[in-house]
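One file, structure.pdb, is given below (PDB, C-alpha atoms).
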```pdb
ATOM      1  CA  MET N   1     117.674 111.485  85.485
ATOM      2  CA  ASP N   2     114.822 111.522  82.979
ATOM      3  CA  LEU N   3     112.360 108.800  83.985
ATOM      4  CA  SER N   4     109.498 110.109  81.832
ATOM      5  CA  THR N   5     107.391 107.828  79.694
ATOM      6  CA  ASN N   6     104.324 107.987  77.469
ATOM      7  CA  TYR N   7     101.506 105.581  78.230
ATOM      8  CA  MET N   8      98.619 105.623  75.723
ATOM      9  CA  GLY N   9      99.020 109.350  75.285
ATOM     10  CA  LEU N  10      99.415 110.143  78.979
ATOM     11  CA  LYS N  11     102.748 111.850  79.576
ATOM     12  CA  LEU N  12     103.978 110.462  82.886
ATOM     13  CA  PRO N  13     107.000 111.606  84.923
ATOM     14  CA  HIS N  14     107.985 107.965  85.459
ATOM     15  CA  PRO N  15     106.405 104.532  84.791
ATOM     16  CA  LEU N  16     105.296 103.629  88.330
ATOM     17  CA  MET N  17     101.524 103.599  88.636
ATOM     18  CA  ALA N  18      99.274 102.452  91.441
ATOM     19  CA  GLY N  19      97.281  99.574  89.982
ATOM     20  CA  ALA N  20      93.672  98.809  90.810
ATOM     21  CA  SER N  21      93.311  98.081  94.523
ATOM     22  CA  PRO N  22      91.330  99.181  97.592
ATOM     23  CA  LEU N  23      93.829 102.038  97.967
ATOM     24  CA  ALA N  24      91.956 103.933  95.242
ATOM     25  CA  TYR N  25      88.619 103.733  97.087
ATOM     26  CA  ASP N  26      89.756 105.917  99.954
ATOM     27  CA  LEU N  27      90.601 109.562  99.326
ATOM     28  CA  GLY N  28      93.124 109.513 102.139
ATOM     29  CA  SER N  29      95.112 106.686 100.569
ATOM     30  CA  VAL N  30      94.828 108.392  97.174
ATOM     31  CA  LYS N  31      96.546 111.428  98.662
ATOM     32  CA  ARG N  32      99.218 109.163 100.153
ATOM     33  CA  LEU N  33      99.799 107.672  96.695
ATOM     34  CA  GLU N  34     100.095 111.160  95.251
ATOM     35  CA  ASP N  35     102.514 112.196  98.007
ATOM     36  CA  ALA N  36     104.557 109.058  97.272
ATOM     37  CA  GLY N  37     104.873 110.226  93.678
ATOM     38  CA  ALA N  38     102.621 107.771  91.839
ATOM     39  CA  ALA N  39     102.556 108.610  88.131
ATOM     40  CA  ALA N  40      98.858 107.674  87.839
ATOM     41  CA  ILE N  41      96.134 105.791  89.660
ATOM     42  CA  VAL N  42      94.041 102.930  88.315
ATOM     43  CA  MET N  43      90.705 102.669  90.062
ATOM     44  CA  PRO N  44      89.153  99.314  90.971
ATOM     45  CA  SER N  45      86.577  98.102  88.492
ATOM     46  CA  LEU N  46      82.938  98.870  87.991
ATOM     47  CA  PHE N  47      81.539  95.436  87.164
ATOM     48  CA  GLU N  48      79.207  94.465  84.356
ATOM     49  CA  GLU N  49      77.038  92.654  86.918
ATOM     50  CA  GLN N  50      76.560  95.847  88.929
ATOM     51  CA  ILE N  51      75.420  97.796  85.894
ATOM     52  CA  LEU N  52      73.128  95.061  84.604
ATOM     53  CA  ARG N  53      71.512  94.728  87.989
ATOM     54  CA  GLU N  54      70.722  98.412  88.040
ATOM     55  CA  GLN N  55      69.561  98.477  84.420
ATOM     56  CA  LEU N  56      67.198  95.543  84.803
ATOM     57  CA  ALA N  57      65.484  96.543  88.002
ATOM     58  CA  THR N  58      65.872  97.796  91.530
ATOM     59  CA  HIS N  59      67.237  95.514  94.212
ATOM     60  CA  ASP N  60      63.751  94.780  95.517
ATOM     61  CA  SER N  61      62.342  93.693  92.161
ATOM     62  CA  ILE N  62      65.281  91.374  91.519
ATOM     63  CA  ALA N  63      65.051  89.918  95.012
ATOM     64  CA  SER N  64      61.394  89.079  94.408
ATOM     65  CA  HIS N  65      62.486  86.551  91.780
ATOM     66  CA  ASP N  66      65.100  84.891  93.945
ATOM     67  CA  GLU N  67      62.839  81.999  94.800
ATOM     68  CA  VAL N  68      61.673  81.516  91.203
ATOM     69  CA  SER N  69      64.997  80.444  89.742
ATOM     70  CA  ALA N  70      68.120  79.159  91.416
ATOM     71  CA  GLU N  71      70.075  80.687  88.550
ATOM     72  CA  ALA N  72      68.878  84.143  89.544
ATOM     73  CA  LEU N  73      70.646  83.724  92.846
ATOM     74  CA  ASP N  74      73.986  83.146  91.171
ATOM     75  CA  TYR N  75      73.926  85.506  88.197
ATOM     76  CA  PHE N  76      73.823  88.733  90.175
ATOM     77  CA  PRO N  77      76.163  89.137  93.147
ATOM     78  CA  ARG N  78      74.490  90.703  96.164
ATOM     79  CA  ASN N  79      74.713  94.462  96.485
ATOM     80  CA  GLU N  80      76.757  94.165  99.659
ATOM     81  CA  GLU N  81      79.498  92.375  97.709
ATOM     82  CA  PHE N  82      80.264  95.625  95.878
ATOM     83  CA  LYS N  83      81.816  98.651  97.588
ATOM     84  CA  LEU N  84      80.078 101.065  95.214
ATOM     85  CA  GLY N  85      77.082 100.957  92.913
ATOM     86  CA  PRO N  86      77.243 102.374  89.379
ATOM     87  CA  HIS N  87      76.254 105.911  90.379
ATOM     88  CA  GLY N  88      78.490 105.772  93.430
ATOM     89  CA  TYR N  89      81.363 104.744  91.198
ATOM     90  CA  LEU N  90      80.862 107.754  88.942
ATOM     91  CA  GLU N  91      80.746 110.007  91.986
ATOM     92  CA  LYS N  92      83.970 108.437  93.247
ATOM     93  CA  VAL N  93      85.693 109.144  89.916
ATOM     94  CA  GLY N  94      84.766 112.805  90.268
ATOM     95  CA  ALA N  95      85.797 112.933  93.926
ATOM     96  CA  ILE N  96      89.224 111.450  93.187
ATOM     97  CA  LYS N  97      89.772 113.858  90.291
ATOM     98  CA  ARG N  98      88.979 116.765  92.602
ATOM     99  CA  CYS N  99      91.391 115.619  95.319
ATOM    100  CA  THR N 100      94.402 114.808  93.157
ATOM    101  CA  GLU N 101      96.244 116.121  90.126
ATOM    102  CA  LEU N 102      97.276 112.622  89.075
ATOM    103  CA  PRO N 103      95.840 111.016  85.933
ATOM    104  CA  VAL N 104      92.936 108.806  86.993
ATOM    105  CA  ILE N 105      92.281 105.650  84.999
ATOM    106  CA  ALA N 106      88.834 104.211  85.653
ATOM    107  CA  SER N 107      88.064 100.540  85.027
ATOM    108  CA  LEU N 108      85.202  98.532  83.588
ATOM    109  CA  ASN N 109      85.208  94.791  84.259
ATOM    110  CA  GLY N 110      83.067  92.500  82.151
ATOM    111  CA  MET N 111      82.823  89.661  79.698
ATOM    112  CA  SER N 112      80.143  90.501  77.144
ATOM    113  CA  GLY N 113      78.764  93.230  74.939
ATOM    114  CA  GLY N 114      75.633  95.191  75.698
ATOM    115  CA  ARG N 115      74.301  98.415  77.104
ATOM    116  CA  TRP N 116      76.486  98.219  80.193
ATOM    117  CA  LEU N 117      79.374  99.422  78.024
ATOM    118  CA  GLU N 118      77.589 102.785  77.752
ATOM    119  CA  TYR N 119      79.101 103.546  81.148
ATOM    120  CA  ALA N 120      82.371 104.288  79.348
ATOM    121  CA  LYS N 121      80.846 107.600  78.243
ATOM    122  CA  LEU N 122      79.545 108.332  81.733
ATOM    123  CA  ILE N 123      82.987 107.617  83.159
ATOM    124  CA  GLU N 124      84.453 110.086  80.682
ATOM    125  CA  GLN N 125      81.899 112.705  81.729
ATOM    126  CA  ALA N 126      82.775 112.055  85.374
ATOM    127  CA  GLY N 127      86.321 113.232  84.663
ATOM    128  CA  ALA N 128      88.457 110.121  84.160
ATOM    129  CA  ASP N 129      91.612 110.582  82.078
ATOM    130  CA  ALA N 130      91.551 107.068  80.609
ATOM    131  CA  LEU N 131      89.718 103.769  80.859
ATOM    132  CA  GLU N 132      90.943 100.252  81.504
ATOM    133  CA  LEU N 133      88.742  97.456  80.168
ATOM    134  CA  ASN N 134      89.305  94.411  82.329
ATOM    135  CA  ILE N 135      88.165  91.329  80.416
ATOM    136  CA  TYR N 136      87.856  88.761  83.186
ATOM    137  CA  TYR N 137      86.241  85.579  81.968
ATOM    138  CA  VAL N 138      86.768  81.927  82.834
ATOM    139  CA  ALA N 139      85.635  79.910  79.813
ATOM    140  CA  MET N 140      83.795  76.810  81.049
ATOM    141  CA  ASP N 141      81.194  76.262  78.333
ATOM    142  CA  PRO N 142      82.361  73.424  76.023
ATOM    143  CA  GLN N 143      80.216  74.874  73.233
ATOM    144  CA  GLU N 144      81.966  78.259  73.360
ATOM    145  CA  THR N 145      84.928  78.398  70.980
ATOM    146  CA  SER N 146      88.048  80.498  71.345
ATOM    147  CA  GLY N 147      87.033  82.464  68.256
ATOM    148  CA  VAL N 148      83.741  83.448  69.846
ATOM    149  CA  LEU N 149      85.522  84.704  72.965
ATOM    150  CA  GLU N 150      87.992  86.764  70.963
ATOM    151  CA  ASP N 151      85.338  88.232  68.672
ATOM    152  CA  ARG N 152      83.322  89.290  71.704
ATOM    153  CA  ALA N 153      86.298  91.062  73.256
ATOM    154  CA  VAL N 154      87.110  92.870  69.994
ATOM    155  CA  GLU N 155      83.491  94.028  69.727
ATOM    156  CA  MET N 156      83.618  95.333  73.309
ATOM    157  CA  VAL N 157      86.629  97.481  72.455
ATOM    158  CA  GLN N 158      84.975  98.761  69.279
ATOM    159  CA  THR N 159      81.811  99.682  71.180
ATOM    160  CA  ILE N 160      83.712 101.606  73.842
ATOM    161  CA  LYS N 161      85.899 103.444  71.332
ATOM    162  CA  GLU N 162      82.810 104.521  69.393
ATOM    163  CA  SER N 163      81.273 106.064  72.508
ATOM    164  CA  THR N 164      84.209 107.849  74.120
ATOM    165  CA  GLN N 165      87.325 109.847  73.329
ATOM    166  CA  LEU N 166      89.180 108.379  76.291
ATOM    167  CA  PRO N 167      92.316 106.332  75.664
ATOM    168  CA  VAL N 168      91.449 102.706  76.369
ATOM    169  CA  ALA N 169      93.715 100.005  77.787
ATOM    170  CA  VAL N 170      92.674  96.357  77.651
ATOM    171  CA  LYS N 171      93.685  94.216  80.612
ATOM    172  CA  LEU N 172      94.194  90.662  79.405
ATOM    173  CA  SER N 173      94.771  87.188  80.708
ATOM    174  CA  PRO N 174      97.536  85.039  79.183
ATOM    175  CA  PHE N 175      95.106  82.259  78.313
ATOM    176  CA  TYR N 176      94.354  82.987  74.677
ATOM    177  CA  THR N 177      95.117  80.562  71.866
ATOM    178  CA  SER N 178      97.160  82.996  69.766
ATOM    179  CA  LEU N 179      97.936  86.026  71.859
ATOM    180  CA  VAL N 180      99.913  87.893  69.188
ATOM    181  CA  ASP N 181      97.082  87.673  66.668
ATOM    182  CA  PHE N 182      94.434  88.505  69.252
ATOM    183  CA  THR N 183      96.228  91.558  70.614
ATOM    184  CA  GLY N 184      96.753  92.770  67.062
ATOM    185  CA  ARG N 185      92.999  92.598  66.497
ATOM    186  CA  LEU N 186      92.342  94.520  69.709
ATOM    187  CA  VAL N 187      94.703  97.284  68.605
ATOM    188  CA  GLU N 188      93.043  97.407  65.180
ATOM    189  CA  ALA N 189      89.708  97.774  67.000
ATOM    190  CA  GLY N 190      91.048 100.841  68.793
ATOM    191  CA  ALA N 191      92.831  99.678  71.947
ATOM    192  CA  ASP N 192      95.465 102.249  72.894
ATOM    193  CA  ALA N 193      97.254 100.020  75.396
ATOM    194  CA  LEU N 194      97.497  96.435  76.605
ATOM    195  CA  VAL N 195      97.918  95.498  80.261
ATOM    196  CA  ILE N 196      99.874  92.255  80.732
ATOM    197  CA  PHE N 197      98.403  90.316  82.573
ATOM    198  CA  ASN N 198      95.238  90.087  84.586
ATOM    199  CA  ARG N 199      96.040  88.096  87.706
ATOM    200  CA  PHE N 200      93.332  85.464  87.800
ATOM    201  CA  TYR N 201      92.465  84.479  91.318
ATOM    202  CA  GLN N 202      93.621  80.932  91.940
ATOM    203  CA  PRO N 203      91.884  79.859  95.122
ATOM    204  CA  ASP N 204      93.204  77.094  97.316
ATOM    205  CA  ILE N 205      91.108  74.576  99.234
ATOM    206  CA  ASP N 206      90.978  74.073 102.975
ATOM    207  CA  VAL N 207      90.538  70.289 103.085
ATOM    208  CA  GLU N 208      89.455  70.288 106.727
ATOM    209  CA  ALA N 209      86.905  73.108 106.606
ATOM    210  CA  LEU N 210      85.872  72.191 103.037
ATOM    211  CA  GLU N 211      86.099  75.831 102.045
ATOM    212  CA  VAL N 212      87.722  77.736  99.228
ATOM    213  CA  THR N 213      90.404  79.961 100.702
ATOM    214  CA  ARG N 214      91.235  83.495  99.679
ATOM    215  CA  VAL N 215      93.936  84.433  97.211
ATOM    216  CA  ASN N 216      97.381  85.560  98.304
ATOM    217  CA  LEU N 217      99.264  88.647  97.197
ATOM    218  CA  SER N 218     101.559  88.330  94.210
ATOM    219  CA  SER N 219     105.245  87.442  94.325
ATOM    220  CA  PRO N 220     108.083  88.501  91.970
ATOM    221  CA  SER N 221     108.083  85.006  90.442
ATOM    222  CA  GLU N 222     104.791  85.849  88.734
ATOM    223  CA  LEU N 223     106.561  88.519  86.706
ATOM    224  CA  LEU N 224     108.367  85.958  84.521
ATOM    225  CA  LEU N 225     105.403  85.074  82.311
ATOM    226  CA  ARG N 226     104.696  88.761  81.838
ATOM    227  CA  LEU N 227     108.278  89.533  80.830
ATOM    228  CA  ARG N 228     108.179  86.897  78.115
ATOM    229  CA  TRP N 229     105.035  88.294  76.542
ATOM    230  CA  LEU N 230     106.073  91.915  76.926
ATOM    231  CA  ALA N 231     109.220  91.067  74.987
ATOM    232  CA  ILE N 232     107.224  89.321  72.254
ATOM    233  CA  LEU N 233     104.441  91.884  71.927
ATOM    234  CA  SER N 234     106.543  95.038  72.123
ATOM    235  CA  SER N 235     107.713  94.678  68.538
ATOM    236  CA  ARG N 236     104.458  93.266  67.191
ATOM    237  CA  VAL N 237     101.693  95.609  68.333
ATOM    238  CA  ASP N 238     101.400  99.360  67.842
ATOM    239  CA  ALA N 239     100.178 100.166  71.318
ATOM    240  CA  SER N 240     101.453 101.073  74.752
ATOM    241  CA  LEU N 241     102.218  98.194  77.094
ATOM    242  CA  ALA N 242     101.792  98.029  80.851
ATOM    243  CA  VAL N 243     102.700  95.235  83.208
ATOM    244  CA  THR N 244     100.780  94.233  86.307
ATOM    245  CA  GLY N 245     101.482  91.331  88.635
ATOM    246  CA  GLY N 246     104.764  90.556  90.343
ATOM    247  CA  VAL N 247     106.394  94.002  90.406
ATOM    248  CA  HIS N 248     107.800  94.569  93.895
ATOM    249  CA  ASN N 249     111.135  96.385  93.558
ATOM    250  CA  GLU N 250     113.313  98.413  91.202
ATOM    251  CA  ILE N 251     114.839  95.340  89.540
ATOM    252  CA  ASP N 252     111.347  94.136  88.621
ATOM    253  CA  VAL N 253     110.701  97.550  87.066
ATOM    254  CA  VAL N 254     113.988  97.440  85.134
ATOM    255  CA  LYS N 255     113.119  93.999  83.737
ATOM    256  CA  ALA N 256     109.634  95.110  82.718
ATOM    257  CA  VAL N 257     110.871  98.239  80.948
ATOM    258  CA  MET N 258     113.709  96.334  79.276
ATOM    259  CA  THR N 259     111.222  93.901  77.765
ATOM    260  CA  GLY N 260     108.996  96.693  76.468
ATOM    261  CA  ALA N 261     106.723  98.074  79.194
ATOM    262  CA  HIS N 262     105.850 101.768  79.039
ATOM    263  CA  ALA N 263     104.168 101.669  82.436
ATOM    264  CA  VAL N 264     104.331  99.484  85.529
ATOM    265  CA  GLN N 265     101.366  98.899  87.809
ATOM    266  CA  MET N 266     102.085  98.064  91.438
ATOM    267  CA  VAL N 267      99.437  96.574  93.720
ATOM    268  CA  SER N 268     100.525  93.801  96.099
ATOM    269  CA  ALA N 269     103.730  95.541  97.137
ATOM    270  CA  LEU N 270     101.797  98.709  98.002
ATOM    271  CA  LEU N 271      99.155  96.781  99.933
ATOM    272  CA  GLU N 272     101.898  94.996 101.851
ATOM    273  CA  HIS N 273     104.255  97.923 102.499
ATOM    274  CA  GLY N 274     101.999 100.950 102.089
ATOM    275  CA  PRO N 275     101.790 103.642  99.391
ATOM    276  CA  GLU N 276     105.146 105.072 100.474
ATOM    277  CA  HIS N 277     106.875 101.973  99.069
ATOM    278  CA  LEU N 278     106.323 103.416  95.609
ATOM    279  CA  LEU N 279     108.626 106.339  96.402
ATOM    280  CA  SER N 280     111.300 103.948  97.607
ATOM    281  CA  VAL N 281     111.095 101.914  94.387
ATOM    282  CA  ARG N 282     111.297 105.054  92.269
ATOM    283  CA  GLU N 283     114.392 106.273  94.113
ATOM    284  CA  ASP N 284     115.998 102.829  93.805
ATOM    285  CA  LEU N 285     115.166 102.770  90.085
ATOM    286  CA  GLU N 286     116.842 106.131  89.537
ATOM    287  CA  ARG N 287     119.883 104.992  91.515
ATOM    288  CA  TRP N 288     120.162 101.804  89.437
ATOM    289  CA  LEU N 289     120.021 103.738  86.174
ATOM    290  CA  VAL N 290     122.741 106.143  87.320
ATOM    291  CA  GLU N 291     124.954 103.284  88.459
ATOM    292  CA  HIS N 292     124.567 101.584  85.076
ATOM    293  CA  ASP N 293     125.313 104.736  83.074
ATOM    294  CA  TYR N 294     121.837 105.388  81.676
ATOM    295  CA  ASP N 295     120.809 108.970  80.999
ATOM    296  CA  SER N 296     117.087 108.244  80.699
ATOM    297  CA  LEU N 297     114.492 105.549  81.034
ATOM    298  CA  TYR N 298     113.975 105.750  77.280
ATOM    299  CA  GLN N 299     117.407 104.205  76.708
ATOM    300  CA  LEU N 300     116.315 101.179  78.701
ATOM    301  CA  GLN N 301     112.877 100.784  77.139
ATOM    302  CA  GLY N 302     112.610  97.696  74.924
ATOM    303  CA  SER N 303     116.345  96.934  74.997
ATOM    304  CA  MET N 304     115.629  93.272  75.805
ATOM    305  CA  SER N 305     112.538  92.822  73.654
ATOM    306  CA  LEU N 306     112.369  89.992  71.154
ATOM    307  CA  GLU N 307     113.407  92.398  68.418
ATOM    308  CA  ASN N 308     116.414  93.825  70.275
ATOM    309  CA  CYS N 309     117.506  90.951  72.480
ATOM    310  CA  PRO N 310     121.016  89.642  71.648
ATOM    311  CA  ASN N 311     119.593  86.125  71.973
ATOM    312  CA  PRO N 312     115.973  86.210  70.742
ATOM    313  CA  SER N 313     115.716  82.420  70.888
ATOM    314  CA  ALA N 314     115.570  82.835  74.679
ATOM    315  CA  TYR N 315     111.915  83.803  74.235
ATOM    316  CA  GLU N 316     111.139  81.088  71.709
ATOM    317  CA  ARG N 317     110.865  77.311  71.526
ATOM    318  CA  ALA N 318     114.601  76.867  70.885
ATOM    319  CA  ASN N 319     115.411  77.947  74.414
ATOM    320  CA  TYR N 320     112.749  75.625  75.822
ATOM    321  CA  VAL N 321     114.439  72.669  74.138
ATOM    322  CA  HIS N 322     117.888  73.833  75.227
ATOM    323  CA  VAL N 323     116.902  74.247  78.875
ATOM    324  CA  LEU N 324     115.315  70.789  79.085
ATOM    325  CA  GLN N 325     118.251  69.087  77.376
ATOM    326  CA  SER N 326     120.888  70.876  79.485
ATOM    327  CA  TRP N 327     119.410  70.100  82.907
ATOM    328  CA  THR N 328     121.758  68.078  85.097
ATOM    329  CA  TYR N 329     121.342  66.460  88.509
TER     330      TYR N 329
END
```

Starting from the coordinates I provided, produce the structure as structure tokens.
Amino acid sequence: MDLSTNYMGLKLPHPLMAGASPLAYDLGSVKRLEDAGAAAIVMPSLFEEQILREQLATHDSIASHDEVSAEALDYFPRNEEFKLGPHGYLEKVGAIKRCTELPVIASLNGMSGGRWLEYAKLIEQAGADALELNIYYVAMDPQETSGVLEDRAVEMVQTIKESTQLPVAVKLSPFYTSLVDFTGRLVEAGADALVIFNRFYQPDIDVEALEVTRVNLSSPSELLLRLRWLAILSSRVDASLAVTGGVHNEIDVVKAVMTGAHAVQMVSALLEHGPEHLLSVREDLERWLVEHDYDSLYQLQGSMSLENCPNPSAYERANYVHVLQSWTY
């Protein structure tokens, strides 16, 4: 069975990748992922705040201003909140490349333009095979328009593509006003792939302890939003598509590929069941394809996209109206 796929120029033996998680910090777990047959590894992010902190001053000089402005306490997370500093991150990229033959996709996480984006070139020099730009931003300023946010993201992609030859994937949230238009602009700016979607942490509240509780792992139900937008975008943008969030078993993979995904990132399922779960999902995927008379993954890819779906209205407003009107109790 031919499970091969092409993700932003990376020729992968199958679509199952290990998404960004603590598993990629430890060389031992990286080897376990490789032994389990992961097609590629996405490293956790190097954050804009880490780089800016280092660029502005040493830890001691920043700490000396802590008592001057309350804002200074909040803008820069403490060093201990990050597993690695900027230089440590670059060293980790090199160490992972030396210990595995898998494609290594490094990650930058930020929300604005600036000199911190120069680390894309340093990441390339460290040996990464590709870069994922994780645009994680919660818009809370009432004076900041959606256009400003989108323009900033497009400029970030342009800046990175001007400084590096690496293929660049943009990891997005679903919360943009016109996602089809916006993703088209990102691709025009040079994005080689889109990752659908960033899983925004949605903290709960402990009403007794008056504390914000930690986020839970994903569930397959979270895949549904991603399937809808994969199906819509697959025929509208000239870029590779990856899905992240809610992929736990082979049926989730089949759905993602059917709606247009070229690659599938698994995180929560691997954290819950261990890296070896990836091998199990791959074997189950191959078995499903054989049982359903497919000769290759390529035959499956995009077969249920908006363009190819026998009932395209299922992804559009018509189905929304139909579902509401047909509900009985």

**Request:** Could you give me, as a ChimeraX atom specification, the residues within 8 Å of His14 of chain N, counting all atoms listed in the file and dropping anything in the same chain fewer than 2 positions from it?
**Result:** /N:3-5,12,16,39,263

**Request:** With a distance cut-off of 7 Å and only C-alpha atoms, select the neighbouring residues of Val264 of chain N, excluding the residue or stretch itself and same-chain residues fewer than 3 positions from it, and output the selection as a VMD selection string.
**Result:** chain N and resid 15 to 17 242 to 244 253 261

With a distance cut-off of 12 Å and all atoms listed in the file, select the neighbouring residues of Leu194 of chain N, excluding the residue or stretch itself and same-chain residues fewer than 5 positions from it, and output the selection as a PDB file with C-alpha atoms, keeping the file's coordinate frame.
```pdb
ATOM      1  CA  TYR N   7     101.506 105.581  78.230  1.00  0.00           C
ATOM      2  CA  MET N   8      98.619 105.623  75.723  1.00  0.00           C
ATOM      3  CA  LEU N 131      89.718 103.769  80.859  1.00  0.00           C
ATOM      4  CA  GLU N 132      90.943 100.252  81.504  1.00  0.00           C
ATOM      5  CA  LEU N 133      88.742  97.456  80.168  1.00  0.00           C
ATOM      6  CA  ASN N 134      89.305  94.411  82.329  1.00  0.00           C
ATOM      7  CA  ILE N 135      88.165  91.329  80.416  1.00  0.00           C
ATOM      8  CA  VAL N 157      86.629  97.481  72.455  1.00  0.00           C
ATOM      9  CA  PRO N 167      92.316 106.332  75.664  1.00  0.00           C
ATOM     10  CA  VAL N 168      91.449 102.706  76.369  1.00  0.00           C
ATOM     11  CA  ALA N 169      93.715 100.005  77.787  1.00  0.00           C
ATOM     12  CA  VAL N 170      92.674  96.357  77.651  1.00  0.00           C
ATOM     13  CA  LYS N 171      93.685  94.216  80.612  1.00  0.00           C
ATOM     14  CA  LEU N 172      94.194  90.662  79.405  1.00  0.00           C
ATOM     15  CA  SER N 173      94.771  87.188  80.708  1.00  0.00           C
ATOM     16  CA  PRO N 174      97.536  85.039  79.183  1.00  0.00           C
ATOM     17  CA  LEU N 179      97.936  86.026  71.859  1.00  0.00           C
ATOM     18  CA  VAL N 180      99.913  87.893  69.188  1.00  0.00           C
ATOM     19  CA  PHE N 182      94.434  88.505  69.252  1.00  0.00           C
ATOM     20  CA  THR N 183      96.228  91.558  70.614  1.00  0.00           C
ATOM     21  CA  GLY N 184      96.753  92.770  67.062  1.00  0.00           C
ATOM     22  CA  ARG N 185      92.999  92.598  66.497  1.00  0.00           C
ATOM     23  CA  LEU N 186      92.342  94.520  69.709  1.00  0.00           C
ATOM     24  CA  VAL N 187      94.703  97.284  68.605  1.00  0.00           C
ATOM     25  CA  ARG N 226     104.696  88.761  81.838  1.00  0.00           C
ATOM     26  CA  TRP N 229     105.035  88.294  76.542  1.00  0.00           C
ATOM     27  CA  LEU N 230     106.073  91.915  76.926  1.00  0.00           C
ATOM     28  CA  LEU N 233     104.441  91.884  71.927  1.00  0.00           C
ATOM     29  CA  SER N 234     106.543  95.038  72.123  1.00  0.00           C
ATOM     30  CA  VAL N 237     101.693  95.609  68.333  1.00  0.00           C
ATOM     31  CA  ASP N 238     101.400  99.360  67.842  1.00  0.00           C
ATOM     32  CA  ALA N 239     100.178 100.166  71.318  1.00  0.00           C
ATOM     33  CA  SER N 240     101.453 101.073  74.752  1.00  0.00           C
ATOM     34  CA  LEU N 241     102.218  98.194  77.094  1.00  0.00           C
ATOM     35  CA  ALA N 242     101.792  98.029  80.851  1.00  0.00           C
ATOM     36  CA  VAL N 243     102.700  95.235  83.208  1.00  0.00           C
ATOM     37  CA  THR N 244     100.780  94.233  86.307  1.00  0.00           C
ATOM     38  CA  GLY N 260     108.996  96.693  76.468  1.00  0.00           C
ATOM     39  CA  ALA N 261     106.723  98.074  79.194  1.00  0.00           C
ATOM     40  CA  HIS N 262     105.850 101.768  79.039  1.00  0.00           C
ATOM     41  CA  ALA N 263     104.168 101.669  82.436  1.00  0.00           C
ATOM     42  CA  VAL N 264     104.331  99.484  85.529  1.00  0.00           C
TER      43      VAL N 264
END
```

**Item:** Nearest to Asp26 of chain N by atom-to-atom distance, counting all atoms listed in the file, from N:Met43, N:Leu289, N:Leu279, N:Ile123
**Value:**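 Closest to Asp26 of chain N of all the choices is N:Met43.
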
**Asked** Got a sec to resolve the PyMOL selection byres ((chain N and resi 254) around 10) on this structure and send the residues as a list in words?
**Response**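 The output of the PyMOL selection byres ((chain N and resi 254) around 10) on this file is Val247, Asn249, Glu250, Ile251, Asp252, Val253, Lys255, Ala256, Val257, Met258, Thr259, Ala261, Val264, Leu285, Trp288, Leu289, Leu297, Leu300 and Gln301 of chain N.
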
**Message:** Quick one: residues within 10 Å of Val267 of chain N, only C-alpha atoms, excluding same-chain residues fewer than 2 positions away - as a PyMOL selection string?
**Reply:** chain N and resi 17-23+42+217-218+244-248+264-265+269-272+274-275+278

**Prompt:** For the atom pair atom CA of Lys11 of chain N and atom CA of Asp284 of chain N, what is the interatomic distance in Å to one decimal place?
**Reply:**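 So the two atoms, atom CA of Lys11 of chain N and atom CA of Asp284 of chain N, lie 21.4 Å apart.
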
**Request:** State, in Å with one decimal place, the distance from atom CA of Val154 of chain N to atom CA of Met111 of chain N.
**Result:**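 Answer for the atom CA of Val154 of chain N to atom CA of Met111 of chain N separation: 11.1 Å.
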
**Prompt:** Interatomic distance between atom CA of Phe197 of chain N and atom CA of Glu150 of chain N?
**Reply:**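 Those two atoms sit 16.0 Å apart.
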
Close residues, Leu122 of chain N itself excluded, 10 Å, all atoms listed in the file, min 6 positions apart in chain, as an mmCIF file with C-alpha atoms, in the frame of the given file:
```cif
data_model
loop_
_atom_site.group_PDB
_atom_site.id
_atom_site.type_symbol
_atom_site.label_atom_id
_atom_site.label_comp_id
_atom_site.auth_asym_id
_atom_site.auth_seq_id
_atom_site.Cartn_x
_atom_site.Cartn_y
_atom_site.Cartn_z
ATOM 1 C CA PRO N 86 77.243 102.374 89.379
ATOM 2 C CA HIS N 87 76.254 105.911 90.379
ATOM 3 C CA LEU N 90 80.862 107.754 88.942
ATOM 4 C CA ALA N 128 88.457 110.121 84.160
ATOM 5 C CA SER N 163 81.273 106.064 72.508
ATOM 6 C CA THR N 164 84.209 107.849 74.120
#
```

Hey, could you pull the box centre and edge lengths for segment 12-19 of chain N, axis-aligned, 3 Å padding per side, all listed atoms, to one decimal in Å, as AutoDock Vina command-line options?
```
--center_x 102.6 --center_y 105.6 --center_z 87.2 --size_x 16.7 --size_y 18.0 --size_z 14.6
```

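Matched in the shown structure by the PyMOL selection byres ((chain N and resi 121) around 9): Leu117, Glu118, Tyr119, Ala120, Leu122, Ile123, Glu124, Gln125, Ala126, Ile160, Ser163, Thr164, Gln165 and Leu166 of chain N.
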
**Fill in**
From the list N:Glu54, N:Glu208, N:Glu101, N:Asp2, the nearest residue to Gly88 of chain N using all atoms listed in the file is N:Glu54

**Message:** Taking only C-alpha atoms into account, name the residue in N:Val138, N:Thr159, N:Gly28, N:Ser303 that is nearest to Phe175 of chain N.
**Reply:**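 Under the stated criterion, the closest residue is N:Val138.
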
**Item:** Selected residue of minimal separation from Ser178 of chain N among N:Gly302, N:Pro13, N:Gly190, N:Gly147, counting only C-alpha atoms
**Value:** N:Gly147
